[in-house]
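Q: Just dropping this structure here.
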Amino acid sequence: MKPGRGVLDRVAAESHVGGCWGAAEMDFEAVAKYSALHLKPAGLSLQYGTAGFRTKAGHLDHVMYRMGLLAVLRSRQTKSTIGVMVTASHNPEEDNGVKLVDPLGEMLTSAWEEYATRLANAEEQEIQSILTEICQKEAVKLHQYASVFIGRDTRPSSEKLSQSVIDGVSALGGQYHDYGLVTTPQLHYMVCCQNTQEHYGKATVEGYYQKLSKAFGELTKQASSSGDDQMCLKIDCANGIGALKLKEMERYLPKKLLIHLYNDGTKEKLNHLCGADFVKVHQKPPLGLEIKPNERCCSFDGDADRIVYYYNDTAGHFHLVDGDKIATLISTFIKELLIKIGQTLKMAVIQTAYANGSSTRYLEETMKVLFSKAAEEKIRHMAKEEKENQKREAAKMLENTIDLINQTVGDAISDMLVIEAILALKGLTVQQWDAIYTDLPNRQLKVKIADRRVIDTTDAERRAVTPPGLQEKIDELVKKYSVSRAFVRPSGTEDVVRVYSEAETQENADSLAHEVSLAVYHLAGGIGEPPQPVC
């Protein structure tokens, strides 16, 4: 761990005031000195969401510095290491972003998301009062040791922006470890390892590779040796960090898993016509990956925390196997293992509003399905309770499966490994996996608007509260089509509204999505050309 440039030496003697350390104890001279090097652009306003902050890279220098400050306060308040990841995931290469990682590798708690937003949008003269207020409200003790782990993706802007984070950590006397180029899930993993005294694993990239590859190797030992062809996979790496890390990891993996990397960042731009989001939205293969009939393929996103699978059938038709079927494959496999070893555990699957209606109906036949952020908190609590009660003699296969999926955020690499292991163990082809249920035809579109904050939602983001009249218009449009639904939600990363539709036929799903897009454009302040019909 590196100390913050001698700032600790300048912190005044301890003086406890009302459960926190008073403003006099914080080195505001150092904060102001560094802040002058990271000035906020006039008129810029950002909001911390599920994906943290994201916008054009040139607008983020001050945000990175201030998130370094906030990470130190969060570390002192929790008495734990906090992570700061510089990435914009599936956004274009010109964008960047930052998100904080809480002690067990989970997302930043909502109360501190609000602090992040206030601090990022504060004028220079307001920074001191906001930092003081946070210390008072959260009982932050400034003498407490502070530890911050920092990681970044491969964007050209990421190295400079991560240095701004370091300046923020240094200004408040925190210690930091700069991991450099890592996937977002790897940083989450290392934060969790550090705060569990490495009971979860070794807090290094090598420790991550060893943990996952060991679990994968142990799990696939029980697979039939006749299915060698099932362990061959083409991977679109979105020209991002996933390619670099998979190349490093290959030597740890069993030889029977043959991976072929495409869009590895050596030629094209990050996320350009490739990656998980592109494949999901456009429902077609990425640029640079040629698919033979029935070949199993997958795509990561730019920071390797999302994954989708797909294939072309013998007639050349593209088939997407997305998160719904991934969740179904893994959850049903775990349930089968629990039954085999006589364990009676509660099981639930969290779905978002985007979950295909067919997947929800399929899962509800065997387990609980929950929606919304509140459901996510509930299932994490359930998992923690059941983990504590789990018998020591639980089957080794179940342990290895859990090791592969037991991340608190999405992880394309671990998801890929557990999917490949399950397919091999069950002797399934990608076509057989895809056929466990039939998705309702659906369509996702984006609508550019001036300010995404004009859209507010409820009911797990499935109904719009504002602007007035929008939900009524969507309800009216849905009634025109059989077996249909549609919803809109603001992007957490850019000024666009995401539109989702389902219907009995693809033609109807496309028409419904277009009509809802037009409603969003006209009622929520669309910019540019009006949405065009789906081709």
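All residue names refer to the structure tokens as shown: chains lettered A, B, ... in order, residues numbered from 1 in each chain, ligands numbered from 1 in order.
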If you count only C-alpha atoms, which residues fall within 12 Å of Cys297 (chain A), apart from same-chain ones fewer than 3 positions away, as a ChimeraX atom specification?
A: /A:230-237,258-262,275-276,279,284-286,289-294,300,307-312,318-322,416,419-420,429-431
Q: What lies within 6 Å of region 349-354 of chain A using only C-alpha atoms, ignoring chain neighbours under 4 positions off, as a VMD selection string?
A: chain A and resid 369 to 371 462
Q: Quick one: write out the picked residues with N, CA, C and O atoms as a short mmCIF file (atom, residue, chain, number, x, y, z; two decimals), in the first residue's frame?
A:
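Result went into out28.cif, see below:
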```
data_model
loop_
_atom_site.label_atom_id
_atom_site.label_comp_id
_atom_site.auth_asym_id
_atom_site.auth_seq_id
_atom_site.Cartn_x
_atom_site.Cartn_y
_atom_site.Cartn_z
N VAL A 369 -39.28 -16.06 -7.78
CA VAL A 369 -38.72 -15.02 -8.65
C VAL A 369 -39.02 -13.67 -8.02
O VAL A 369 -40.17 -13.37 -7.68
N LEU A 370 -37.98 -12.87 -7.84
CA LEU A 370 -38.11 -11.56 -7.21
C LEU A 370 -37.69 -10.47 -8.19
O LEU A 370 -36.86 -10.69 -9.06
N PHE A 371 -38.28 -9.30 -8.03
CA PHE A 371 -37.92 -8.15 -8.85
C PHE A 371 -37.47 -7.01 -7.95
O PHE A 371 -37.73 -7.00 -6.75
N ARG A 462 -40.69 -0.84 -14.04
CA ARG A 462 -41.59 -1.31 -15.10
C ARG A 462 -42.70 -0.33 -15.45
O ARG A 462 -43.42 -0.53 -16.42
#
```
Q: Could you pull out the alpha helix (DSSP H) residues of region 336-527 of chain A, going by DSSP on the backbone, and write them as a ChimeraX atom specification?
A: /A:336-340,357-364,372-389,396-405,412-426,430-434,470-478,506-523
Q: Please provide the set of residues having any atom within 12 Å of Arg361 (chain A), restricted to only C-alpha atoms, with same-chain residues fewer than 2 positions apart removed, written as an mmCIF file with all heavy atoms, in the first residue's frame.
A:
```
data_model
loop_
_atom_site.group_PDB
_atom_site.id
_atom_site.type_symbol
_atom_site.label_atom_id
_atom_site.label_comp_id
_atom_site.auth_asym_id
_atom_site.auth_seq_id
_atom_site.Cartn_x
_atom_site.Cartn_y
_atom_site.Cartn_z
ATOM 1 N N ASP A 324 -31.317 -14.078 -19.131
ATOM 2 C CA ASP A 324 -32.434 -14.873 -18.620
ATOM 3 C C ASP A 324 -32.117 -16.365 -18.676
ATOM 4 O O ASP A 324 -32.313 -17.102 -17.709
ATOM 5 C CB ASP A 324 -33.705 -14.599 -19.437
ATOM 6 C CG ASP A 324 -34.195 -13.178 -19.299
ATOM 7 O OD1 ASP A 324 -33.847 -12.536 -18.286
ATOM 8 O OD2 ASP A 324 -34.911 -12.709 -20.196
ATOM 9 N N THR A 328 -31.309 -19.056 -15.717
ATOM 10 C CA THR A 328 -32.115 -20.277 -15.652
ATOM 11 C C THR A 328 -31.230 -21.515 -15.626
ATOM 12 O O THR A 328 -31.452 -22.444 -14.836
ATOM 13 C CB THR A 328 -33.081 -20.337 -16.850
ATOM 14 O OG1 THR A 328 -33.934 -19.191 -16.818
ATOM 15 C CG2 THR A 328 -33.938 -21.592 -16.808
ATOM 16 N N GLN A 351 -34.844 -11.019 -11.021
ATOM 17 C CA GLN A 351 -34.967 -10.596 -12.412
ATOM 18 C C GLN A 351 -35.203 -9.095 -12.477
ATOM 19 O O GLN A 351 -35.778 -8.506 -11.569
ATOM 20 C CB GLN A 351 -36.111 -11.337 -13.105
ATOM 21 C CG GLN A 351 -35.837 -12.813 -13.327
ATOM 22 C CD GLN A 351 -36.808 -13.436 -14.315
ATOM 23 O OE1 GLN A 351 -37.982 -13.065 -14.389
ATOM 24 N NE2 GLN A 351 -36.319 -14.384 -15.088
ATOM 25 N N ALA A 355 -36.318 -8.967 -18.013
ATOM 26 C CA ALA A 355 -36.443 -10.426 -18.101
ATOM 27 C C ALA A 355 -37.605 -10.802 -19.008
ATOM 28 O O ALA A 355 -38.719 -10.294 -18.878
ATOM 29 C CB ALA A 355 -36.646 -11.011 -16.711
ATOM 30 N N ASN A 356 -37.340 -11.712 -19.931
ATOM 31 C CA ASN A 356 -38.386 -12.150 -20.849
ATOM 32 C C ASN A 356 -39.499 -12.846 -20.073
ATOM 33 O O ASN A 356 -39.235 -13.641 -19.165
ATOM 34 C CB ASN A 356 -37.784 -13.100 -21.888
ATOM 35 C CG ASN A 356 -38.721 -13.327 -23.055
ATOM 36 O OD1 ASN A 356 -39.627 -14.144 -22.998
ATOM 37 N ND2 ASN A 356 -38.499 -12.593 -24.141
ATOM 38 N N GLY A 357 -40.735 -12.549 -20.446
ATOM 39 C CA GLY A 357 -41.877 -13.116 -19.737
ATOM 40 C C GLY A 357 -41.870 -14.632 -19.701
ATOM 41 O O GLY A 357 -42.299 -15.250 -18.724
ATOM 42 N N SER A 358 -41.352 -15.263 -20.746
ATOM 43 C CA SER A 358 -41.287 -16.720 -20.782
ATOM 44 C C SER A 358 -40.337 -17.264 -19.721
ATOM 45 O O SER A 358 -40.588 -18.306 -19.120
ATOM 46 C CB SER A 358 -40.825 -17.191 -22.172
ATOM 47 O OG SER A 358 -41.794 -16.901 -23.150
ATOM 48 N N SER A 359 -39.235 -16.550 -19.479
ATOM 49 C CA SER A 359 -38.275 -17.008 -18.466
ATOM 50 C C SER A 359 -38.891 -16.927 -17.073
ATOM 51 O O SER A 359 -38.683 -17.820 -16.238
ATOM 52 C CB SER A 359 -36.992 -16.174 -18.527
ATOM 53 O OG SER A 359 -37.192 -14.876 -18.009
ATOM 54 N N LEU A 363 -39.283 -20.198 -14.582
ATOM 55 C CA LEU A 363 -38.643 -20.266 -13.269
ATOM 56 C C LEU A 363 -39.658 -20.368 -12.140
ATOM 57 O O LEU A 363 -39.410 -21.037 -11.123
ATOM 58 C CB LEU A 363 -37.753 -19.043 -13.063
ATOM 59 C CG LEU A 363 -36.442 -19.036 -13.837
ATOM 60 C CD1 LEU A 363 -35.790 -17.663 -13.777
ATOM 61 C CD2 LEU A 363 -35.484 -20.098 -13.301
ATOM 62 N N GLU A 364 -40.794 -19.703 -12.293
ATOM 63 C CA GLU A 364 -41.795 -19.707 -11.224
ATOM 64 C C GLU A 364 -42.369 -21.087 -10.950
ATOM 65 O O GLU A 364 -42.955 -21.325 -9.889
ATOM 66 C CB GLU A 364 -42.924 -18.725 -11.558
ATOM 67 C CG GLU A 364 -42.544 -17.273 -11.331
ATOM 68 C CD GLU A 364 -43.623 -16.293 -11.723
ATOM 69 O OE1 GLU A 364 -44.473 -16.646 -12.567
ATOM 70 O OE2 GLU A 364 -43.616 -15.165 -11.197
ATOM 71 N N GLU A 365 -42.175 -22.017 -11.872
ATOM 72 C CA GLU A 365 -42.655 -23.389 -11.661
ATOM 73 C C GLU A 365 -41.831 -24.127 -10.611
ATOM 74 O O GLU A 365 -42.297 -25.101 -10.018
ATOM 75 C CB GLU A 365 -42.617 -24.167 -12.978
ATOM 76 C CG GLU A 365 -43.615 -23.659 -14.011
ATOM 77 C CD GLU A 365 -43.518 -24.423 -15.325
ATOM 78 O OE1 GLU A 365 -42.720 -25.380 -15.394
ATOM 79 O OE2 GLU A 365 -44.241 -24.060 -16.271
ATOM 80 N N THR A 366 -40.587 -23.693 -10.378
ATOM 81 C CA THR A 366 -39.704 -24.422 -9.462
ATOM 82 C C THR A 366 -39.111 -23.585 -8.337
ATOM 83 O O THR A 366 -38.581 -24.147 -7.380
ATOM 84 C CB THR A 366 -38.535 -25.059 -10.244
ATOM 85 O OG1 THR A 366 -37.824 -24.029 -10.947
ATOM 86 C CG2 THR A 366 -39.046 -26.096 -11.236
ATOM 87 N N MET A 367 -39.158 -22.270 -8.433
ATOM 88 C CA MET A 367 -38.542 -21.444 -7.388
ATOM 89 C C MET A 367 -39.155 -20.055 -7.377
ATOM 90 O O MET A 367 -39.961 -19.694 -8.231
ATOM 91 C CB MET A 367 -37.030 -21.369 -7.596
ATOM 92 C CG MET A 367 -36.578 -20.665 -8.854
ATOM 93 S SD MET A 367 -34.805 -20.903 -9.170
ATOM 94 C CE MET A 367 -34.790 -22.600 -9.791
ATOM 95 N N LYS A 368 -38.733 -19.273 -6.385
ATOM 96 C CA LYS A 368 -39.245 -17.910 -6.235
ATOM 97 C C LYS A 368 -38.533 -16.976 -7.217
ATOM 98 O O LYS A 368 -37.336 -17.108 -7.458
ATOM 99 C CB LYS A 368 -39.010 -17.423 -4.804
ATOM 100 C CG LYS A 368 -39.619 -16.062 -4.475
ATOM 101 C CD LYS A 368 -39.245 -15.625 -3.079
ATOM 102 C CE LYS A 368 -39.951 -16.446 -2.029
ATOM 103 N NZ LYS A 368 -41.399 -16.184 -1.972
ATOM 104 N N VAL A 369 -39.284 -16.056 -7.784
ATOM 105 C CA VAL A 369 -38.716 -15.025 -8.654
ATOM 106 C C VAL A 369 -39.022 -13.671 -8.021
ATOM 107 O O VAL A 369 -40.166 -13.373 -7.675
ATOM 108 C CB VAL A 369 -39.298 -15.083 -10.078
ATOM 109 C CG1 VAL A 369 -38.731 -13.949 -10.923
ATOM 110 C CG2 VAL A 369 -38.990 -16.428 -10.726
ATOM 111 N N TYR A 437 -36.836 -23.136 -22.995
ATOM 112 C CA TYR A 437 -38.107 -22.431 -23.171
ATOM 113 C C TYR A 437 -37.935 -21.493 -24.355
ATOM 114 O O TYR A 437 -36.809 -21.195 -24.775
ATOM 115 C CB TYR A 437 -38.543 -21.660 -21.914
ATOM 116 C CG TYR A 437 -37.621 -20.554 -21.495
ATOM 117 C CD1 TYR A 437 -37.638 -19.305 -22.114
ATOM 118 C CD2 TYR A 437 -36.707 -20.751 -20.463
ATOM 119 C CE1 TYR A 437 -36.780 -18.291 -21.733
ATOM 120 C CE2 TYR A 437 -35.842 -19.741 -20.068
ATOM 121 C CZ TYR A 437 -35.886 -18.516 -20.708
ATOM 122 O OH TYR A 437 -35.033 -17.512 -20.333
ATOM 123 N N THR A 438 -39.044 -21.034 -24.909
ATOM 124 C CA THR A 438 -38.997 -20.151 -26.077
ATOM 125 C C THR A 438 -39.282 -18.716 -25.659
ATOM 126 O O THR A 438 -40.330 -18.417 -25.078
ATOM 127 C CB THR A 438 -40.026 -20.590 -27.131
ATOM 128 O OG1 THR A 438 -39.755 -21.946 -27.512
ATOM 129 C CG2 THR A 438 -39.957 -19.700 -28.362
ATOM 130 N N ASP A 439 -38.315 -17.846 -25.922
ATOM 131 C CA ASP A 439 -38.500 -16.429 -25.590
ATOM 132 C C ASP A 439 -39.637 -15.822 -26.393
ATOM 133 O O ASP A 439 -39.824 -16.147 -27.578
ATOM 134 C CB ASP A 439 -37.227 -15.632 -25.922
ATOM 135 C CG ASP A 439 -36.183 -15.720 -24.826
ATOM 136 O OD1 ASP A 439 -36.563 -15.871 -23.654
ATOM 137 O OD2 ASP A 439 -34.988 -15.633 -25.157
ATOM 138 N N LEU A 440 -40.368 -14.930 -25.750
ATOM 139 C CA LEU A 440 -41.279 -14.089 -26.517
ATOM 140 C C LEU A 440 -40.442 -13.137 -27.367
ATOM 141 O O LEU A 440 -39.416 -12.629 -26.903
ATOM 142 C CB LEU A 440 -42.164 -13.274 -25.575
ATOM 143 C CG LEU A 440 -43.339 -14.004 -24.919
ATOM 144 C CD1 LEU A 440 -43.935 -13.141 -23.824
ATOM 145 C CD2 LEU A 440 -44.400 -14.340 -25.963
#
```
Q: Could you check the closest approach to Leu257 (chain A) for each of A:Gly217, A:Gly240, A:Gly58, A:Gly288 and tell me which residue wins, using only C-alpha atoms?
A: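 The shortest atom-to-atom distance to Leu257 (chain A) comes from A:Gly217.
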Q: If we count only C-alpha atoms and set the cut-off at 8 Å, which residues sit around Ser89 (chain A), ignoring sequence neighbours fewer than 6 positions away in its own chain? Please answer as a list of chain:residue names.
A: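 Final neighbour list, sorted by chain and number: A:Asp301, A:Gly302, A:Asp303, A:Ala304, A:Asp305.
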Q: Residues near Ala71 (chain A), anyone? I mean within 8 Å using only C-alpha atoms, not counting same-chain ones fewer than 5 positions away, as a ChimeraX atom specification.
A: /A:82-84,100,148,169
Q: Just checking: using only C-alpha atoms, which residue out of A:Val447, A:Cys298, A:Val63, A:Asn442 ends up closest to Asp495 (chain A)?
A: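 Of all the options, A:Val447 lies closest to Asp495 (chain A).
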